[in-house]
Number of protein chains: 2
Amino acid sequence: MDEIDHKLLRALQRNSRCPIKSMSQEVSLSSPAVSARIERLERQGIIRGYTLDVDPLQLGHHILAYINLDMTPNEKPKFIPFIASVPNVIECNCVTGAYSMLIKVSYPSTQELDSFIGQLQQFGKTETQIVFSSPVPPRGIAL
Amino acid sequence: MDEIDHKLLRALQRNSRCPIKSMSQEVSLSSPAVSARIERLERQGIIRGYTLDVDPLQLGHHILAYINLDMTPNEKPKFIPFIASVPNVIECNCVTGAYSMLIKVSYPSTQELDSFIGQLQQFGKTETQIVFSSPVPPRGIAL
DNA sequence: GATGAAACAGCCGAGCT
DNA sequence: AGCTCGGCTGTTTCATC
């Protein structure tokens with residue numbers, strides 16, 4: 001992990017479809033050298049995957065929300081498979097504080113969101129925060 | 001936006017470096033046809049970009065946290081440029097509920113996180129939730 | 001949207017430092 | 001050992017139907 005690897009990660013973070021050749025001239029190396037570095041980063045698990053940034057609104061997902069869930073620890077074995085199976089769940093984190101879980105979801109409308117929260121309440125108390133706007137839209141970690 | 005577009009989006013969401021040719025045989029279309037569809041999705045803004053999924057831990061970012069911030073509306077003009085300029089901020093959302101902002105950050109250690117929260121407190125009261133684990137790791141929206 | 005040709009990028013070898 | 005340079009294969013793109 002030297003400065004060149006960092007540059008390659010930054011380039012791929014900006015545009016993961018970026019051709020190897022254009023990266024190679026950015027870092028003043030040959031294409032095979034860059035190719036080998038990227039394969040190494042993939043093997044090491046530093047690069048976990050190449051993904052897509054889509055506009056949820058244009059796909060009919062108008063509601064983005066965070067749901068806090070307070071749950072007793074022995075509910076967890078039932079909860080985890082359930083939450084992982086819901087496609088609208090974007091993230092689910094165990095967190096410190098008054099609530100045990102913080103869940104990020106996206107739904108077409110508040111109606112579907114409400115129905116999901118109804119299902120969640122069998123596991124514990126919930127508190128929902130609906131997103132109005134995102135001054136800093138989701139982005140990658142600092143490299 | 002027909003079923004074929006959805007398949008292409010799903011393929012790119014799994015692996016955005018996926019070659020056009022392999023997608024074209026998945027949807028039983030020619031390469032130029034797939035290429036044209038993807039260009040259209042980019043122009044329409046449905047595809048916002050191609051990005052990278054990296055492992056924060058392997059890059060030394062051990063602490064992931066959500067910070068709730070309670071702020072009076074007239075602080076906002078000062079707050080937005082500040083928050084956007086902090087590279088460790090992964091997301092910043094205006095939300096409903098007791099707190100006005102929900103901020104996601106990643107830091108090497110709790111020390112740097114604490115220092116950031118110190119800066120935040122000039123804008124209002126904060127409440128921090130540190131992430132222990134992610135039963136559902138961040139993923140794209142359902143397509 | 002499909003086909004065929006041309007340009008281009010990515011991959012694998014050999015030779016070099 | 002790792003990098004660079006070569007040729008070869010496969011992919012993307014453009015013009016045409």
# chains A, B, ... in the order shown; residues from 1 in each chain; ligands from 1

call {"tool": "residues_around", "arguments": {"residues": "segment 14-17 of chain D", "least_positions_apart": "3", "cutoff": "9 Å", "atoms": "only C-alpha atoms (C1' of nucleotides)", "output": "ChimeraX atom specification"}}
result
/C:2-3,5-6

call {"tool": "select_by_dssp", "arguments": {"residues": "chain B", "states": "helix (DSSP H, G or I)", "output": "MDAnalysis selection string"}}
result
chainID B and resid 3:14 20:26 31:43 57:59 73:85 110:120

call {"tool": "interface_residues", "arguments": {"of": "chain B", "to": "chain A", "cutoff": "8 Å", "atoms": "only C-alpha atoms", "output": "number ranges by chain"}}
result
B: 9, 12-17, 45-56, 58-59, 80, 83-84, 87-97, 106, 128-143

call {"tool": "residues_around", "arguments": {"residues": "DT13 of chain D", "least_positions_apart": "4", "cutoff": "10 Å", "atoms": "only C-alpha atoms (C1' of nucleotides)", "output": "number ranges by chain"}}
result
B: 31-32, 35; C: 6-8

call {"tool": "interface_residues", "arguments": {"of": "chain A", "to": "chain D", "cutoff": "9 Å", "atoms": "only C-alpha atoms (C1' of nucleotides)", "output": "PyMOL selection string"}}
result
chain A and resi 29-30+32-33

call {"tool": "write_last_selection", "arguments": {"atoms": "C-alpha atoms", "output": "short mmCIF file (atom, residue, chain, number, x, y, z; two decimals), in the first residue's frame"}}
result
data_model
loop_
_atom_site.label_atom_id
_atom_site.label_comp_id
_atom_site.auth_asym_id
_atom_site.auth_seq_id
_atom_site.Cartn_x
_atom_site.Cartn_y
_atom_site.Cartn_z
CA LEU A 29 3.56 3.04 -14.91
CA SER A 30 2.95 0.38 -17.54
CA PRO A 32 0.68 -4.70 -16.75
CA ALA A 33 2.16 -3.15 -13.62
#

call {"tool": "interface_residues", "arguments": {"of": "chain C", "to": "chain A", "cutoff": "10 Å", "atoms": "only C-alpha atoms (C1' of nucleotides)", "output": "count of residues only"}}
result
4

call {"tool": "atom_distance", "arguments": {"atom1": "atom CA of Glu26 of chain A", "atom2": "atom CA of Ile38 of chain B"}}
result
26.1 Å

call {"tool": "select_by_dssp", "arguments": {"residues": "chain B", "states": "strand (DSSP E)", "output": "CSV table (one decimal) with N, CA and C atoms, in the first residue's frame"}}
result
chain,number,residue,atom,x,y,z
B,47,ILE,N,-28.1,6.3,-14.0
B,47,ILE,CA,-26.8,5.9,-13.6
B,47,ILE,C,-26.0,7.2,-13.2
B,48,ARG,N,-25.6,7.3,-11.9
B,48,ARG,CA,-24.9,8.6,-11.5
B,48,ARG,C,-23.4,8.4,-11.6
B,49,GLY,N,-23.0,7.1,-11.5
B,49,GLY,CA,-21.5,6.9,-11.5
B,49,GLY,C,-21.2,5.4,-11.2
B,50,TYR,N,-19.9,5.1,-11.4
B,50,TYR,CA,-19.4,3.8,-11.2
B,50,TYR,C,-18.4,3.9,-10.1
B,51,THR,N,-18.7,3.2,-9.0
B,51,THR,CA,-17.8,3.4,-7.8
B,51,THR,C,-17.3,2.1,-7.2
B,52,LEU,N,-16.5,2.3,-6.2
B,52,LEU,CA,-15.6,1.2,-5.7
B,52,LEU,C,-16.1,0.9,-4.3
B,53,ASP,N,-16.1,-0.4,-4.0
B,53,ASP,CA,-16.4,-0.8,-2.6
B,53,ASP,C,-15.1,-1.3,-2.0
B,54,VAL,N,-14.6,-0.5,-1.0
B,54,VAL,CA,-13.3,-0.8,-0.4
B,54,VAL,C,-13.5,-1.2,1.1
B,63,ILE,N,-13.2,3.0,13.0
B,63,ILE,CA,-14.4,3.5,13.6
B,63,ILE,C,-15.4,4.1,12.6
B,64,LEU,N,-16.6,3.5,12.6
B,64,LEU,CA,-17.7,4.0,11.8
B,64,LEU,C,-18.7,4.5,12.8
B,65,ALA,N,-19.3,5.6,12.5
B,65,ALA,CA,-20.2,6.2,13.5
B,65,ALA,C,-21.3,7.0,12.8
B,66,TYR,N,-22.5,7.1,13.5
B,66,TYR,CA,-23.5,8.0,13.1
B,66,TYR,C,-23.6,9.1,14.2
B,67,ILE,N,-23.7,10.3,13.7
B,67,ILE,CA,-23.8,11.4,14.7
B,67,ILE,C,-25.1,12.2,14.4
B,68,ASN,N,-26.0,12.3,15.4
B,68,ASN,CA,-27.2,13.1,15.3
B,68,ASN,C,-26.8,14.5,15.8
B,69,LEU,N,-27.2,15.5,15.0
B,69,LEU,CA,-26.9,16.9,15.4
B,69,LEU,C,-28.2,17.7,15.5
B,70,ASP,N,-28.4,18.4,16.6
B,70,ASP,CA,-29.6,19.3,16.7
B,70,ASP,C,-29.1,20.7,16.5
B,71,MET,N,-29.6,21.3,15.5
B,71,MET,CA,-29.1,22.6,15.0
B,71,MET,C,-30.3,23.6,14.7
B,89,VAL,N,-16.5,12.5,6.3
B,89,VAL,CA,-18.0,12.5,6.3
B,89,VAL,C,-18.4,11.7,5.1
B,90,ILE,N,-19.1,10.6,5.3
B,90,ILE,CA,-19.6,9.7,4.2
B,90,ILE,C,-21.0,10.1,3.8
B,91,GLU,N,-21.8,10.6,4.7
B,91,GLU,CA,-23.1,11.0,4.4
B,91,GLU,C,-23.5,12.1,5.3
B,92,CYS,N,-24.4,13.0,4.9
B,92,CYS,CA,-25.0,14.0,5.8
B,92,CYS,C,-26.4,14.2,5.3
B,93,ASN,N,-27.4,13.9,6.1
B,93,ASN,CA,-28.8,14.0,5.8
B,93,ASN,C,-29.6,14.9,6.7
B,94,CYS,N,-30.5,15.7,6.2
B,94,CYS,CA,-31.5,16.4,6.9
B,94,CYS,C,-32.6,15.4,7.2
B,95,VAL,N,-33.0,15.3,8.5
B,95,VAL,CA,-34.0,14.3,8.8
B,95,VAL,C,-35.1,14.8,9.7
B,101,MET,N,-30.0,16.8,11.8
B,101,MET,CA,-29.0,16.2,10.9
B,101,MET,C,-28.6,14.8,11.3
B,102,LEU,N,-28.4,13.9,10.4
B,102,LEU,CA,-27.8,12.6,10.7
B,102,LEU,C,-26.6,12.5,9.8
B,103,ILE,N,-25.4,12.4,10.5
B,103,ILE,CA,-24.1,12.4,9.8
B,103,ILE,C,-23.4,11.0,9.9
B,104,LYS,N,-22.9,10.5,8.8
B,104,LYS,CA,-22.2,9.2,8.9
B,104,LYS,C,-20.7,9.5,8.7
B,105,VAL,N,-19.9,9.1,9.6
B,105,VAL,CA,-18.4,9.3,9.4
B,105,VAL,C,-17.6,8.1,9.6
B,106,SER,N,-16.4,8.1,9.1
B,106,SER,CA,-15.4,7.0,9.4
B,106,SER,C,-14.1,7.6,9.8
B,107,TYR,N,-13.5,7.1,10.9
B,107,TYR,CA,-12.2,7.6,11.4
B,107,TYR,C,-11.3,6.5,11.8
B,124,GLY,N,-24.4,22.7,17.6
B,124,GLY,CA,-25.5,22.3,18.3
B,124,GLY,C,-25.2,21.0,19.1
B,125,LYS,N,-26.3,20.5,19.7
B,125,LYS,CA,-26.1,19.3,20.6
B,125,LYS,C,-26.0,18.1,19.7
B,126,THR,N,-25.1,17.1,20.1
B,126,THR,CA,-24.9,15.9,19.3
B,126,THR,C,-25.2,14.7,20.1
B,127,GLU,N,-25.5,13.6,19.4
B,127,GLU,CA,-25.6,12.3,20.1
B,127,GLU,C,-25.0,11.3,19.1
B,128,THR,N,-24.1,10.5,19.6
B,128,THR,CA,-23.3,9.7,18.7
B,128,THR,C,-23.6,8.2,18.9
B,129,GLN,N,-23.7,7.5,17.7
B,129,GLN,CA,-23.9,6.1,17.8
B,129,GLN,C,-22.7,5.4,17.0
B,130,ILE,N,-21.9,4.7,17.7
B,130,ILE,CA,-20.8,4.0,17.1
B,130,ILE,C,-21.2,2.6,16.6
B,131,VAL,N,-20.8,2.3,15.4
B,131,VAL,CA,-21.2,1.0,14.8
B,131,VAL,C,-20.3,-0.2,15.3
B,132,PHE,N,-20.9,-1.2,15.9
B,132,PHE,CA,-20.2,-2.4,16.3
B,132,PHE,C,-20.0,-3.4,15.2
B,133,SER,N,-21.1,-3.6,14.5
B,133,SER,CA,-21.0,-4.6,13.4
B,133,SER,C,-22.2,-4.3,12.4
B,134,SER,N,-22.1,-4.9,11.2
B,134,SER,CA,-23.1,-4.6,10.2
B,134,SER,C,-23.6,-5.9,9.7
B,135,PRO,N,-24.7,-6.4,10.3
B,135,PRO,CA,-25.3,-7.7,9.8
B,135,PRO,C,-25.7,-7.6,8.3
B,136,VAL,N,-26.1,-6.4,7.9
B,136,VAL,CA,-26.3,-6.2,6.5
B,136,VAL,C,-25.4,-5.1,6.0
